[in-house]
$ cat my_file-v1.txt   # compact mmCIF, C-alpha atoms
# COMPACT_ATOMS: atom_id res chain seq x y z
CA MET H 1 78.93 35.35 128.77
CA SER H 2 75.65 36.99 127.84
CA ASP H 3 74.08 36.93 124.44
CA ALA H 4 71.38 39.41 125.30
CA THR H 5 72.07 41.31 122.10
CA GLU H 6 70.86 38.37 120.02
CA ALA H 7 67.31 37.34 119.27
CA THR H 8 66.07 34.83 121.83
CA PRO H 9 66.14 31.44 120.10
CA ARG H 10 62.96 29.40 120.30
CA ARG H 11 63.47 25.92 121.66
CA ARG H 12 62.16 23.06 119.57
CA ARG H 13 63.60 20.07 121.35
CA GLY H 14 63.43 16.84 119.42
CA ARG H 15 62.35 18.67 116.25
CA PRO H 16 65.52 19.28 114.24
CA ARG H 17 64.86 21.48 111.24
CA ALA H 18 67.70 22.10 108.84
CA GLY H 19 68.17 25.79 108.28
CA ALA H 20 65.90 26.76 111.15
CA ARG H 21 68.71 28.87 112.57
CA SER H 22 71.80 30.33 111.11
CA GLY H 23 74.52 32.81 111.96
CA ALA H 24 75.24 33.99 115.48
CA SER H 25 71.95 32.88 117.00
CA GLY H 26 72.36 29.33 115.67
CA LYS H 27 75.87 29.18 117.07
CA ALA H 28 74.74 30.55 120.44
CA ALA H 29 71.90 28.00 120.55
CA ILE H 30 74.37 25.19 119.86
CA ILE H 31 76.68 26.36 122.66
CA ARG H 32 73.76 26.57 125.08
CA ALA H 33 72.56 23.10 124.11
CA ALA H 34 76.10 21.75 124.43
CA THR H 35 76.52 23.27 127.90
CA GLN H 36 73.39 21.42 128.96
CA GLU H 37 74.34 18.16 127.26
CA PHE H 38 77.85 18.13 128.80
CA ALA H 39 76.38 18.90 132.24
CA ASP H 40 73.80 16.11 131.91
CA ARG H 41 75.92 13.38 130.35
CA GLY H 42 79.57 14.30 130.91
CA TYR H 43 82.15 14.83 128.19
CA GLU H 44 82.59 11.20 127.21
CA ALA H 45 78.93 10.36 126.69
CA ALA H 46 77.83 13.63 125.09
CA SER H 47 77.42 13.49 121.32
CA LEU H 48 77.32 16.18 118.64
CA ARG H 49 74.16 14.57 117.26
CA ALA H 50 72.34 14.89 120.60
CA ILE H 51 73.54 18.47 120.95
CA ALA H 52 72.15 19.32 117.52
CA ARG H 53 68.83 17.76 118.52
CA ARG H 54 68.71 19.79 121.74
CA ALA H 55 69.52 22.97 119.86
CA GLY H 56 66.86 22.24 117.25
CA VAL H 57 69.36 22.45 114.41
CA ASP H 58 70.71 20.07 111.82
CA SER H 59 73.93 18.23 112.68
CA SER H 60 75.57 19.83 109.66
CA LEU H 61 75.24 23.23 111.33
CA VAL H 62 77.12 21.96 114.40
CA HIS H 63 79.88 20.69 112.13
CA HIS H 64 79.87 23.98 110.27
CA TYR H 65 80.79 25.86 113.46
CA PHE H 66 82.76 23.25 115.40
CA GLU H 67 85.38 20.89 114.13
CA ASN H 68 84.78 18.25 116.80
CA LYS H 69 83.58 17.64 120.34
CA ALA H 70 86.74 19.14 121.92
CA ASP H 71 86.19 22.29 119.92
CA LEU H 72 82.60 22.64 121.09
CA PHE H 73 83.46 21.76 124.69
CA THR H 74 86.17 24.41 124.96
CA ALA H 75 83.69 26.91 123.47
CA THR H 76 81.17 26.12 126.24
CA LEU H 77 83.89 26.81 128.82
CA GLY H 78 85.03 29.99 127.20
CA ALA H 79 88.43 28.33 127.46
CA PRO H 80 91.24 30.59 126.37
CA LEU H 81 93.54 27.63 125.67
CA ARG H 82 93.25 24.61 123.46
CA PRO H 83 95.42 22.07 125.27
CA ASP H 84 94.18 19.33 122.96
CA ARG H 85 95.53 21.13 119.89
CA ALA H 86 98.70 22.33 121.58
CA ILE H 87 99.63 18.88 122.78
CA THR H 88 99.27 17.46 119.29
CA ALA H 89 101.54 20.16 117.87
CA ILE H 90 104.14 19.77 120.63
CA LEU H 91 104.25 16.00 120.31
CA ALA H 92 104.87 16.40 116.59
CA GLY H 93 108.09 18.33 117.41
CA PRO H 94 111.41 17.04 118.77
CA ARG H 95 110.99 14.51 121.56
CA ALA H 96 113.72 16.07 123.71
CA GLU H 97 111.87 19.40 123.85
CA VAL H 98 108.42 18.14 124.82
CA GLY H 99 108.63 18.96 128.55
CA THR H 100 109.92 22.48 128.11
CA SER H 101 107.56 23.18 125.20
CA ILE H 102 104.53 22.18 127.26
CA VAL H 103 105.48 24.46 130.15
CA ARG H 104 106.34 27.32 127.82
CA TYR H 105 103.05 26.99 125.90
CA LEU H 106 100.88 26.72 129.00
CA LEU H 107 102.43 29.58 130.97
CA GLY H 108 102.97 31.69 127.85
CA GLN H 109 99.25 31.58 127.01
CA LEU H 110 98.44 32.54 130.58
CA GLU H 111 100.48 35.72 130.48
CA ASP H 112 97.27 37.29 129.18
CA PRO H 113 95.31 38.40 132.28
CA LYS H 114 91.92 37.54 130.75
CA ALA H 115 93.04 34.03 129.94
CA ARG H 116 94.43 33.70 133.46
CA THR H 117 91.17 34.77 135.10
CA ARG H 118 89.23 32.26 133.00
CA VAL H 119 91.65 29.44 133.75
CA VAL H 120 91.52 30.14 137.49
CA ALA H 121 87.72 29.79 137.31
CA ILE H 122 88.05 26.55 135.34
CA LEU H 123 90.60 25.16 137.83
CA ARG H 124 88.27 25.97 140.71
CA THR H 125 85.47 24.15 138.91
CA ALA H 126 87.70 21.14 138.29
CA VAL H 127 88.75 20.91 141.93
CA GLY H 128 85.20 21.58 143.17
CA SER H 129 82.58 18.95 143.82
CA GLY H 130 80.05 19.97 141.14
CA PRO H 131 79.32 18.25 137.81
CA GLY H 132 81.80 20.52 136.04
CA SER H 133 84.57 18.58 137.70
CA ARG H 134 83.64 15.35 135.95
CA MET H 135 83.31 17.00 132.55
CA LEU H 136 86.69 18.65 132.79
CA LYS H 137 88.35 15.49 133.98
CA GLU H 138 86.89 13.48 131.11
CA PHE H 139 87.92 16.12 128.62
CA LEU H 140 91.50 16.24 129.90
CA VAL H 141 91.84 12.47 130.05
CA ARG H 142 90.47 11.94 126.56
CA GLU H 143 91.97 14.89 124.72
CA VAL H 144 95.24 15.55 126.56
CA PHE H 145 96.48 12.77 128.84
CA GLN H 146 95.71 9.92 126.44
CA ARG H 147 97.68 11.68 123.72
CA LEU H 148 100.59 12.24 126.06
CA ALA H 149 100.46 8.60 127.10
CA ALA H 150 100.32 7.42 123.49
CA ALA H 151 103.49 9.41 122.79
CA SER H 152 105.40 7.60 125.51
CA SER H 153 104.24 4.12 124.48
CA SER H 154 105.74 2.45 127.56
CA GLU H 155 103.61 0.19 129.69
CA ASP H 156 103.45 2.78 132.49
CA ALA H 157 102.54 5.52 130.02
CA ASP H 158 99.25 6.46 131.70
CA LEU H 159 100.87 6.92 135.09
CA ARG H 160 103.63 9.00 133.50
CA ALA H 161 101.03 11.25 131.88
CA ASN H 162 99.24 11.60 135.24
CA LEU H 163 102.45 12.60 137.01
CA ALA H 164 103.32 15.18 134.36
CA ALA H 165 99.77 16.52 134.69
CA ALA H 166 100.18 16.62 138.47
CA GLN H 167 103.27 18.84 138.18
CA LEU H 168 101.52 21.15 135.71
CA VAL H 169 98.29 21.39 137.72
CA GLY H 170 100.34 22.14 140.81
CA VAL H 171 102.24 24.93 139.06
CA LEU H 172 98.98 26.47 137.80
CA ILE H 173 97.42 26.32 141.26
CA THR H 174 100.39 27.69 143.20
CA ARG H 175 101.12 30.39 140.58
CA PHE H 176 97.65 31.57 139.60
CA VAL H 177 95.19 30.44 142.29
CA LEU H 178 97.16 30.54 145.55
CA ARG H 179 99.55 33.16 144.11
CA LEU H 180 102.40 31.98 146.25
CA GLU H 181 105.52 34.06 146.01
CA PRO H 182 107.96 33.84 144.35
CA ILE H 183 106.39 31.32 141.91
CA ALA H 184 103.58 33.78 141.09
CA SER H 185 105.99 36.38 139.75
CA THR H 186 108.73 34.18 138.29
CA PRO H 187 109.08 34.69 134.52
CA THR H 188 107.68 31.99 132.23
CA GLU H 189 111.11 31.19 130.82
CA GLU H 190 112.60 30.58 134.25
CA LEU H 191 109.76 28.20 135.10
CA ALA H 192 110.16 26.45 131.74
CA ARG H 193 113.81 25.88 132.68
CA ARG H 194 112.95 24.44 136.09
CA VAL H 195 109.72 22.56 135.37
CA GLY H 196 110.32 21.49 131.75
CA PRO H 197 112.95 18.85 132.69
CA VAL H 198 110.61 17.42 135.32
CA ILE H 199 107.78 17.02 132.80
CA GLN H 200 110.28 15.44 130.42
CA TRP H 201 111.47 13.06 133.13
CA HIS H 202 107.96 12.05 134.15
CA LEU H 203 107.01 11.34 130.55
CA PHE H 204 110.13 9.79 129.10
CA GLY H 205 112.79 9.64 131.83
CA THR H 206 115.07 6.64 131.84
CA GLY H 207 117.65 7.88 134.29
CA GLU H 208 119.44 10.48 132.24
CA PRO H 209 120.62 13.47 134.27
CA LEU H 210 118.41 16.49 134.63
CA PRO H 211 120.34 19.55 133.52
CA ALA H 212 122.14 21.60 136.15
CA LEU H 213 120.46 24.67 137.52
CA ASP H 214 122.63 27.73 137.95
CA ALA H 215 121.88 28.38 141.60
CA ALA H 216 123.28 25.25 143.11
CA VAL H 217 122.77 24.05 146.65
CA PRO H 218 125.92 22.83 148.39
CA ALA H 219 125.66 19.11 149.04
CA SER H 220 125.53 18.49 152.74
CA GLU H 221 124.45 15.80 155.11
CA MET D 1 82.07 18.88 164.57
CA SER D 2 79.31 19.31 167.11
CA ASP D 3 79.83 19.70 170.81
CA ALA D 4 76.16 19.41 171.68
CA THR D 5 77.04 17.00 174.47
CA GLU D 6 78.85 19.76 176.33
CA ALA D 7 77.37 22.54 178.38
CA THR D 8 76.90 25.64 176.27
CA PRO D 9 79.74 27.98 177.16
CA ARG D 10 78.73 31.53 178.05
CA ARG D 11 80.56 34.18 176.09
CA ARG D 12 82.31 36.89 178.00
CA ARG D 13 84.24 38.69 175.35
CA GLY D 14 86.90 41.02 176.58
CA ARG D 15 86.56 39.72 180.12
CA PRO D 16 89.21 37.05 180.55
CA ARG D 17 88.77 35.20 183.79
CA ALA D 18 91.34 32.62 184.72
CA GLY D 19 89.69 29.34 185.55
CA ALA D 20 86.33 30.47 184.19
CA ARG D 21 86.33 27.40 181.99
CA SER D 22 88.21 24.18 182.13
CA GLY D 23 88.21 20.77 180.54
CA ALA D 24 86.46 19.94 177.29
CA SER D 25 84.22 23.01 177.23
CA GLY D 26 87.16 25.37 177.70
CA LYS D 27 89.02 23.65 174.87
CA ALA D 28 85.98 23.74 172.60
CA ALA D 29 85.48 27.46 173.36
CA ILE D 30 89.11 28.14 172.46
CA ILE D 31 88.75 26.26 169.15
CA ARG D 32 85.59 28.20 168.32
CA ALA D 33 87.23 31.50 169.16
CA ALA D 34 90.28 30.53 167.12
CA THR D 35 88.16 29.62 164.09
CA GLN D 36 86.65 33.09 164.22
CA GLU D 37 89.97 34.84 164.81
CA PHE D 38 91.69 33.05 161.90
CA ALA D 39 88.74 33.81 159.62
CA ASP D 40 88.76 37.50 160.60
CA ARG D 41 92.49 38.17 160.66
CA GLY D 42 94.17 35.38 158.69
CA TYR D 43 96.82 33.04 160.03
CA GLU D 44 99.68 35.53 160.14
CA ALA D 45 97.92 38.26 162.09
CA ALA D 46 95.96 36.06 164.49
CA SER D 47 97.42 35.85 167.99
CA LEU D 48 96.95 33.38 170.82
CA ARG D 49 96.34 36.30 173.17
CA ALA D 50 93.45 37.62 171.06
CA ILE D 51 92.02 34.12 170.79
CA ALA D 52 92.07 33.74 174.57
CA ARG D 53 90.31 37.08 174.89
CA ARG D 54 87.59 36.04 172.42
CA ALA D 55 87.12 32.75 174.23
CA GLY D 56 86.90 34.50 177.59
CA VAL D 57 89.71 32.43 179.06
CA ASP D 58 93.17 33.14 180.37
CA SER D 59 96.05 32.83 177.90
CA SER D 60 97.55 30.17 180.10
CA LEU D 61 94.61 27.89 179.33
CA VAL D 62 95.27 28.27 175.59
CA HIS D 63 98.89 27.32 176.18
CA HIS D 64 97.77 24.41 178.32
CA TYR D 65 95.89 22.84 175.41
CA PHE D 66 97.88 24.06 172.42
CA GLU D 67 101.61 24.21 172.01
CA ASN D 68 101.59 27.04 169.49
CA LYS D 69 99.57 28.78 166.80
CA ALA D 70 100.15 25.99 164.26
CA ASP D 71 98.79 23.49 166.75
CA LEU D 72 95.64 25.51 167.34
CA PHE D 73 95.16 26.25 163.65
CA THR D 74 95.31 22.59 162.63
CA ALA D 75 92.83 21.84 165.43
CA THR D 76 90.37 24.36 163.97
CA LEU D 77 90.66 22.62 160.58
CA GLY D 78 90.27 19.16 162.04
CA ALA D 79 93.44 18.53 160.03
CA PRO D 80 94.51 14.90 160.12
CA LEU D 81 98.11 15.80 159.25
CA ARG D 82 100.68 18.00 160.86
CA PRO D 83 102.83 19.03 157.91
CA ASP D 84 104.61 21.57 160.09
CA ARG D 85 105.82 18.87 162.49
CA ALA D 86 106.52 16.30 159.80
CA ILE D 87 108.67 18.69 157.81
CA THR D 88 110.78 19.48 160.85
CA ALA D 89 111.35 15.78 161.52
CA ILE D 90 112.13 14.98 157.88
CA LEU D 91 114.58 17.86 157.54
CA ALA D 92 116.41 16.60 160.62
CA GLY D 93 117.09 13.31 158.77
CA PRO D 94 119.51 12.57 155.92
CA ARG D 95 119.50 15.25 153.25
CA ALA D 96 119.48 12.71 150.39
CA GLU D 97 116.20 11.21 151.57
CA VAL D 98 114.18 14.39 152.05
CA GLY D 99 112.22 14.19 148.77
CA THR D 100 111.19 10.57 149.14
CA SER D 101 110.46 10.96 152.86
CA ILE D 102 108.09 13.85 152.21
CA VAL D 103 106.11 11.93 149.59
CA ARG D 104 106.03 8.80 151.73
CA TYR D 105 104.83 10.71 154.79
CA LEU D 106 102.15 12.68 152.97
CA LEU D 107 100.66 9.81 150.98
CA GLY D 108 101.14 7.35 153.82
CA GLN D 109 99.07 9.48 156.19
CA LEU D 110 96.39 9.76 153.54
CA GLU D 111 95.93 6.02 153.21
CA ASP D 112 93.39 6.47 156.01
CA PRO D 113 90.05 7.23 154.29
CA LYS D 114 88.94 9.67 156.99
CA ALA D 115 92.13 11.67 156.69
CA ARG D 116 91.72 11.66 152.92
CA THR D 117 88.17 13.00 153.05
CA ARG D 118 89.25 15.78 155.37
CA VAL D 119 92.23 16.73 153.22
CA VAL D 120 90.09 16.82 150.07
CA ALA D 121 87.81 19.31 151.84
CA ILE D 122 90.81 21.37 152.95
CA LEU D 123 92.28 21.34 149.42
CA ARG D 124 88.95 22.53 148.01
CA THR D 125 88.92 25.35 150.55
CA ALA D 126 92.49 26.31 149.67
CA VAL D 127 91.74 26.44 145.94
CA GLY D 128 88.39 28.19 146.47
CA SER D 129 87.87 31.91 146.64
CA GLY D 130 86.73 32.19 150.29
CA PRO D 131 88.69 33.48 153.30
CA GLY D 132 89.82 29.92 154.12
CA SER D 133 92.11 30.07 151.13
CA ARG D 134 94.15 32.94 152.58
CA MET D 135 94.45 31.30 156.01
CA LEU D 136 95.67 28.02 154.56
CA LYS D 137 98.12 29.74 152.31
CA GLU D 138 99.57 31.77 155.18
CA PHE D 139 99.82 28.67 157.35
CA LEU D 140 101.62 26.67 154.65
CA VAL D 141 103.99 29.48 153.80
CA ARG D 142 104.90 30.18 157.41
CA GLU D 143 104.98 26.66 158.83
CA VAL D 144 106.02 24.50 155.87
CA PHE D 145 107.51 26.31 152.90
CA GLN D 146 109.70 28.66 154.89
CA ARG D 147 111.20 25.67 156.71
CA LEU D 148 111.82 23.87 153.45
CA ALA D 149 113.42 26.99 152.03
CA ALA D 150 115.60 27.45 155.10
CA ALA D 151 116.88 23.89 154.63
CA SER D 152 118.05 24.62 151.12
CA SER D 153 119.77 27.90 152.01
CA SER D 154 120.43 28.80 148.38
CA GLU D 155 119.39 32.19 147.07
CA ASP D 156 116.54 30.66 145.06
CA ALA D 157 115.37 28.65 148.07
CA ASP D 158 111.87 30.12 148.17
CA LEU D 159 111.21 29.32 144.52
CA ARG D 160 112.55 25.80 145.07
CA ALA D 161 110.15 25.29 147.97
CA ASN D 162 107.26 26.59 145.82
CA LEU D 163 108.08 24.18 143.01
CA ALA D 164 108.31 21.22 145.39
CA ALA D 165 104.97 22.29 146.85
CA ALA D 166 103.53 22.56 143.34
CA GLN D 167 104.45 18.96 142.57
CA LEU D 168 102.97 17.77 145.88
CA VAL D 169 99.76 19.78 145.56
CA GLY D 170 99.37 18.45 142.03
CA VAL D 171 99.77 14.85 143.19
CA LEU D 172 97.19 15.37 145.97
CA ILE D 173 94.71 16.93 143.56
CA THR D 174 95.07 14.40 140.75
CA ARG D 175 95.11 11.43 143.15
CA PHE D 176 92.49 12.40 145.73
CA VAL D 177 90.32 15.16 144.27
CA LEU D 178 90.17 14.41 140.52
CA ARG D 179 90.88 10.72 141.15
CA LEU D 180 92.57 10.28 137.83
CA GLU D 181 93.55 6.75 137.00
CA PRO D 182 96.05 5.23 137.35
CA ILE D 183 97.55 7.77 139.81
CA ALA D 184 94.55 7.36 142.17
CA SER D 185 95.24 3.66 142.69
CA THR D 186 99.05 3.58 142.45
CA PRO D 187 100.63 2.38 145.73
CA THR D 188 102.27 4.99 147.93
CA GLU D 189 105.69 3.39 147.57
CA GLU D 190 105.56 3.51 143.78
CA LEU D 191 104.67 7.20 143.91
CA ALA D 192 107.45 7.84 146.44
CA ARG D 193 109.85 6.27 143.91
CA ARG D 194 108.61 8.45 141.06
CA VAL D 195 107.87 11.73 142.81
CA GLY D 196 110.48 11.69 145.58
CA PRO D 197 113.40 12.37 143.21
CA VAL D 198 111.51 15.28 141.67
CA ILE D 199 110.93 16.87 145.08
CA GLN D 200 114.59 16.28 145.85
CA TRP D 201 115.63 17.90 142.57
CA HIS D 202 113.39 20.90 143.04
CA LEU D 203 114.73 21.47 146.55
CA PHE D 204 118.39 20.64 146.22
CA GLY D 205 119.07 19.64 142.60
CA THR D 206 122.40 20.69 141.14
CA GLY D 207 122.33 18.60 137.99
CA GLU D 208 122.94 15.16 139.44
CA PRO D 209 121.08 12.41 137.59
CA LEU D 210 117.65 11.35 138.73
CA PRO D 211 117.67 7.61 139.34
CA ALA D 212 116.51 5.33 136.54
CA LEU D 213 112.95 4.06 136.60
CA ASP D 214 112.45 0.41 135.77
CA ALA D 215 109.95 0.84 132.99
CA ALA D 216 112.10 2.74 130.54
CA VAL D 217 110.89 4.51 127.45
CA PRO D 218 113.00 3.81 124.38
CA ALA D 219 114.84 6.97 123.38
CA SER D 220 113.55 8.16 120.03
CA GLU D 221 113.48 11.30 117.98
$ encode --input "my_file-v1.txt" --output "structure tokens"
Amino acid sequence: MSDATEATPRRRRGRPRAGARSGASGKAAIIRAATQEFADRGYEAASLRAIARRAGVDSSLVHHYFENKADLFTATLGAPLRPDRAITAILAGPRAEVGTSIVRYLLGQLEDPKARTRVVAILRTAVGSGPGSRMLKEFLVREVFQRLAAASSSEDADLRANLAAAQLVGVLITRFVLRLEPIASTPTEELARRVGPVIQWHLFGTGEPLPALDAAVPASE
Amino acid sequence: MSDATEATPRRRRGRPRAGARSGASGKAAIIRAATQEFADRGYEAASLRAIARRAGVDSSLVHHYFENKADLFTATLGAPLRPDRAITAILAGPRAEVGTSIVRYLLGQLEDPKARTRVVAILRTAVGSGPGSRMLKEFLVREVFQRLAAASSSEDADLRANLAAAQLVGVLITRFVLRLEPIASTPTEELARRVGPVIQWHLFGTGEPLPALDAAVPASE
């Protein structure tokens, strides 16, 4: 995204000055500095303090615009979703609905074509071999998968979170990147019905039956 | 892959001459011509006849080296797996074991580091925005998903095959491309135990219980 309409910010690396910037140009400078910091150090190692220093602003200005590192990271991506926030909200709801809620949230948000285009680009970055891949992976592990794993609290919780993520990533790729049919044009609710129980089973399954699907296949062997 | 050790084949487009080439150089010329044909026309529209014409060889020479289009296509990719053949063999076995057999085959083949490196490259191509993506998609739809769907024979068979593919693609990407832990270092058999039933359920599920996993999560709400 271009910010050509704003005044070009002067760079004063290593010379933080409180109040040196404010408003839109300060925010844009912070996002530019953050993009660089995440690319150089990865998501885990990047710090809001170092980003403020790069941007030549006081740390308080970073905190004024961005609640935390996840907030700033998703801003650098232009991410249309906040999986970190959504997962927290979903996990606060009924345990039995977690799988279906996750699928419904994810695919529901991506019904917006702009969001979809952005997420396809982000998926391609994640699967690519550039530095963006590492950043995204660290972000997802820290802000999404570790929360999912904490919710399950079993000793194989991390693997369960990985497997749930694998099913979701696969649905996003087949539906939005490869655009396989019919998954690309199946309504969100139908996918929530078919994929939700699988997410639930990966995360919390102990052998309870998955619910019947309407279109049954005759058992044969 | 370089074929610098072979004599440089002369191109005689549009002038097929039986016996003009033979042996390794004829085969290499066919693979080069096929690579170009698939890139230009996609997997669906490419024909063995047109590939022979491009290579300047008789069709019979193409059929001498390659059984069919899938065979030639996987040769152009340097693909270490033959999902089209594997799926046919697995579907000929017991219906109840299809899900686990697919996972075991796929991950088992990829225990070889060379195969893994090649498949990561192919996955990146598939998810990328270049022409390779369309070829791979057409190949998978025609040679793998349509066979899976035919095995299920329910009216939602194509969607079921897509969802099974989504789970498999997601496992490949999280395990081999993103290398998330712990899924990246979980043994093949453990993943077959956890993912096999999901593939089975996507393909054939009618509401029967998925088997219990050992490490159970205490039910809570």
$ closest_residue --input "my_file-v1.txt" --among "D:Val103, D:Val57, D:Leu168, D:Ala79" --to "chain H" --atoms "all atoms listed in the file"
D:Leu168
$ residues_around --input "my_file-v1.txt" --residues "Arg142 in chain D" --least-positions-apart "5" --cutoff "9 Å" --atoms "all atoms listed in the file" --output "compact mmCIF listing (two decimals) with C-alpha atoms, in the coordinates of the input"
# COMPACT_ATOMS: atom_id res chain seq x y z
CA TYR D 43 96.82 33.04 160.03
CA GLU D 44 99.68 35.53 160.14
CA LYS D 137 98.12 29.74 152.31
CA ARG D 147 111.20 25.67 156.71
$ closest_residue --input "my_file-v1.txt" --among "D:Gly170, D:Gly42, D:Pro80, D:Pro182" --to "Gln109 in chain D" --atoms "all atoms listed in the file"
D:Pro80
$ atom_distance --input "my_file-v1.txt" --atom1 "CA of Ser60 in chain H" --atom2 "CA of Ala29 in chain H"
14.1 Å
$ atom_distance --input "my_file-v1.txt" --atom1 "CA of Ile102 in chain D" --atom2 "CA of Ala192 in chain H"
24.1 Å
$ closest_residue --input "my_file-v1.txt" --among "D:Val144, D:Ala55, D:Ala92, D:Ile30" --to "Ala164 in chain D" --atoms "only C-alpha atoms"
D:Val144
$ atom_distance --input "my_file-v1.txt" --atom1 "CA of Ala96 in chain H" --atom2 "CA of Val198 in chain H"
12.1 Å
$ closest_residue --input "my_file-v1.txt" --among "D:Val195, D:Leu178, D:Ile90, D:Ala150" --to "Ser133 in chain H" --atoms "all atoms listed in the file"
D:Leu178
$ closest_residue --input "my_file-v1.txt" --among "D:Ala157, D:Ile31, D:Leu148, D:Leu172" --to "Asp84 in chain D" --atoms "all atoms listed in the file"
D:Leu148
$ closest_residue --input "my_file-v1.txt" --among "H:Ser152, H:Ser101, H:Thr76, H:Ser185" --to "chain D" --atoms "all atoms listed in the file"
H:Ser152
$ residues_around --input "my_file-v1.txt" --residues "Gly128 in chain H" --least-positions-apart "2" --cutoff "10 Å" --atoms "only C-alpha atoms" --output "MDAnalysis selection string"
(chainID H and resid 122:126 130:134) or (chainID D and resid 120:121 123:125 127:128 177:178)
$ residues_near_point --input "my_file-v1.txt" --point "(109.5, 9.8, 140.7)" --cutoff "9 Å" --atoms "only C-alpha atoms" --output "ChimeraX atom specification"
/H:163,201-202 /D:100,190-199,210-211,213
$ decode --input "my_file-v1.txt" --residues "range 174-185 of chain H" --atoms "N, CA, C and O atoms" --output "PDB file, in the first residue's frame"
ATOM      1  N   THR H 174      -6.868 -25.148  -1.076  1.00  0.00           N
ATOM      2  CA  THR H 174      -7.672 -25.769  -2.131  1.00  0.00           C
ATOM      3  C   THR H 174      -8.830 -24.848  -2.554  1.00  0.00           C
ATOM      4  O   THR H 174      -9.169 -24.786  -3.735  1.00  0.00           O
ATOM      5  N   ARG H 175      -9.405 -24.119  -1.593  1.00  0.00           N
ATOM      6  CA  ARG H 175     -10.558 -23.260  -1.902  1.00  0.00           C
ATOM      7  C   ARG H 175     -10.158 -21.949  -2.572  1.00  0.00           C
ATOM      8  O   ARG H 175     -10.776 -21.536  -3.549  1.00  0.00           O
ATOM      9  N   PHE H 176      -9.126 -21.296  -2.053  1.00  0.00           N
ATOM     10  CA  PHE H 176      -8.839 -19.931  -2.507  1.00  0.00           C
ATOM     11  C   PHE H 176      -7.622 -19.824  -3.414  1.00  0.00           C
ATOM     12  O   PHE H 176      -7.530 -18.898  -4.199  1.00  0.00           O
ATOM     13  N   VAL H 177      -6.642 -20.714  -3.263  1.00  0.00           N
ATOM     14  CA  VAL H 177      -5.439 -20.608  -4.096  1.00  0.00           C
ATOM     15  C   VAL H 177      -5.578 -21.516  -5.317  1.00  0.00           C
ATOM     16  O   VAL H 177      -5.521 -21.059  -6.451  1.00  0.00           O
ATOM     17  N   LEU H 178      -5.782 -22.805  -5.105  1.00  0.00           N
ATOM     18  CA  LEU H 178      -5.939 -23.723  -6.245  1.00  0.00           C
ATOM     19  C   LEU H 178      -7.321 -23.589  -6.880  1.00  0.00           C
ATOM     20  O   LEU H 178      -7.512 -23.919  -8.041  1.00  0.00           O
ATOM     21  N   ARG H 179      -8.287 -23.110  -6.108  1.00  0.00           N
ATOM     22  CA  ARG H 179      -9.683 -22.985  -6.565  1.00  0.00           C
ATOM     23  C   ARG H 179     -10.206 -24.273  -7.186  1.00  0.00           C
ATOM     24  O   ARG H 179     -10.775 -24.273  -8.288  1.00  0.00           O
ATOM     25  N   LEU H 180      -9.966 -25.350  -6.468  1.00  0.00           N
ATOM     26  CA  LEU H 180     -10.543 -26.620  -6.905  1.00  0.00           C
ATOM     27  C   LEU H 180     -12.049 -26.552  -6.806  1.00  0.00           C
ATOM     28  O   LEU H 180     -12.587 -25.964  -5.879  1.00  0.00           O
ATOM     29  N   GLU H 181     -12.703 -27.187  -7.749  1.00  0.00           N
ATOM     30  CA  GLU H 181     -14.156 -27.334  -7.635  1.00  0.00           C
ATOM     31  C   GLU H 181     -14.472 -28.762  -7.244  1.00  0.00           C
ATOM     32  O   GLU H 181     -13.783 -29.676  -7.696  1.00  0.00           O
ATOM     33  N   PRO H 182     -15.475 -28.933  -6.357  1.00  0.00           N
ATOM     34  CA  PRO H 182     -16.473 -27.955  -5.904  1.00  0.00           C
ATOM     35  C   PRO H 182     -16.111 -27.210  -4.620  1.00  0.00           C
ATOM     36  O   PRO H 182     -16.879 -26.356  -4.193  1.00  0.00           O
ATOM     37  N   ILE H 183     -14.943 -27.454  -3.997  1.00  0.00           N
ATOM     38  CA  ILE H 183     -14.705 -26.822  -2.690  1.00  0.00           C
ATOM     39  C   ILE H 183     -14.657 -25.299  -2.819  1.00  0.00           C
ATOM     40  O   ILE H 183     -15.042 -24.583  -1.882  1.00  0.00           O
ATOM     41  N   ALA H 184     -14.239 -24.785  -3.979  1.00  0.00           N
ATOM     42  CA  ALA H 184     -14.129 -23.337  -4.152  1.00  0.00           C
ATOM     43  C   ALA H 184     -15.493 -22.648  -4.106  1.00  0.00           C
ATOM     44  O   ALA H 184     -15.601 -21.504  -3.704  1.00  0.00           O
ATOM     45  N   SER H 185     -16.535 -23.353  -4.500  1.00  0.00           N
ATOM     46  CA  SER H 185     -17.844 -22.688  -4.536  1.00  0.00           C
ATOM     47  C   SER H 185     -18.841 -23.268  -3.532  1.00  0.00           C
ATOM     48  O   SER H 185     -20.024 -22.953  -3.589  1.00  0.00           O
TER      49      SER H 185
END
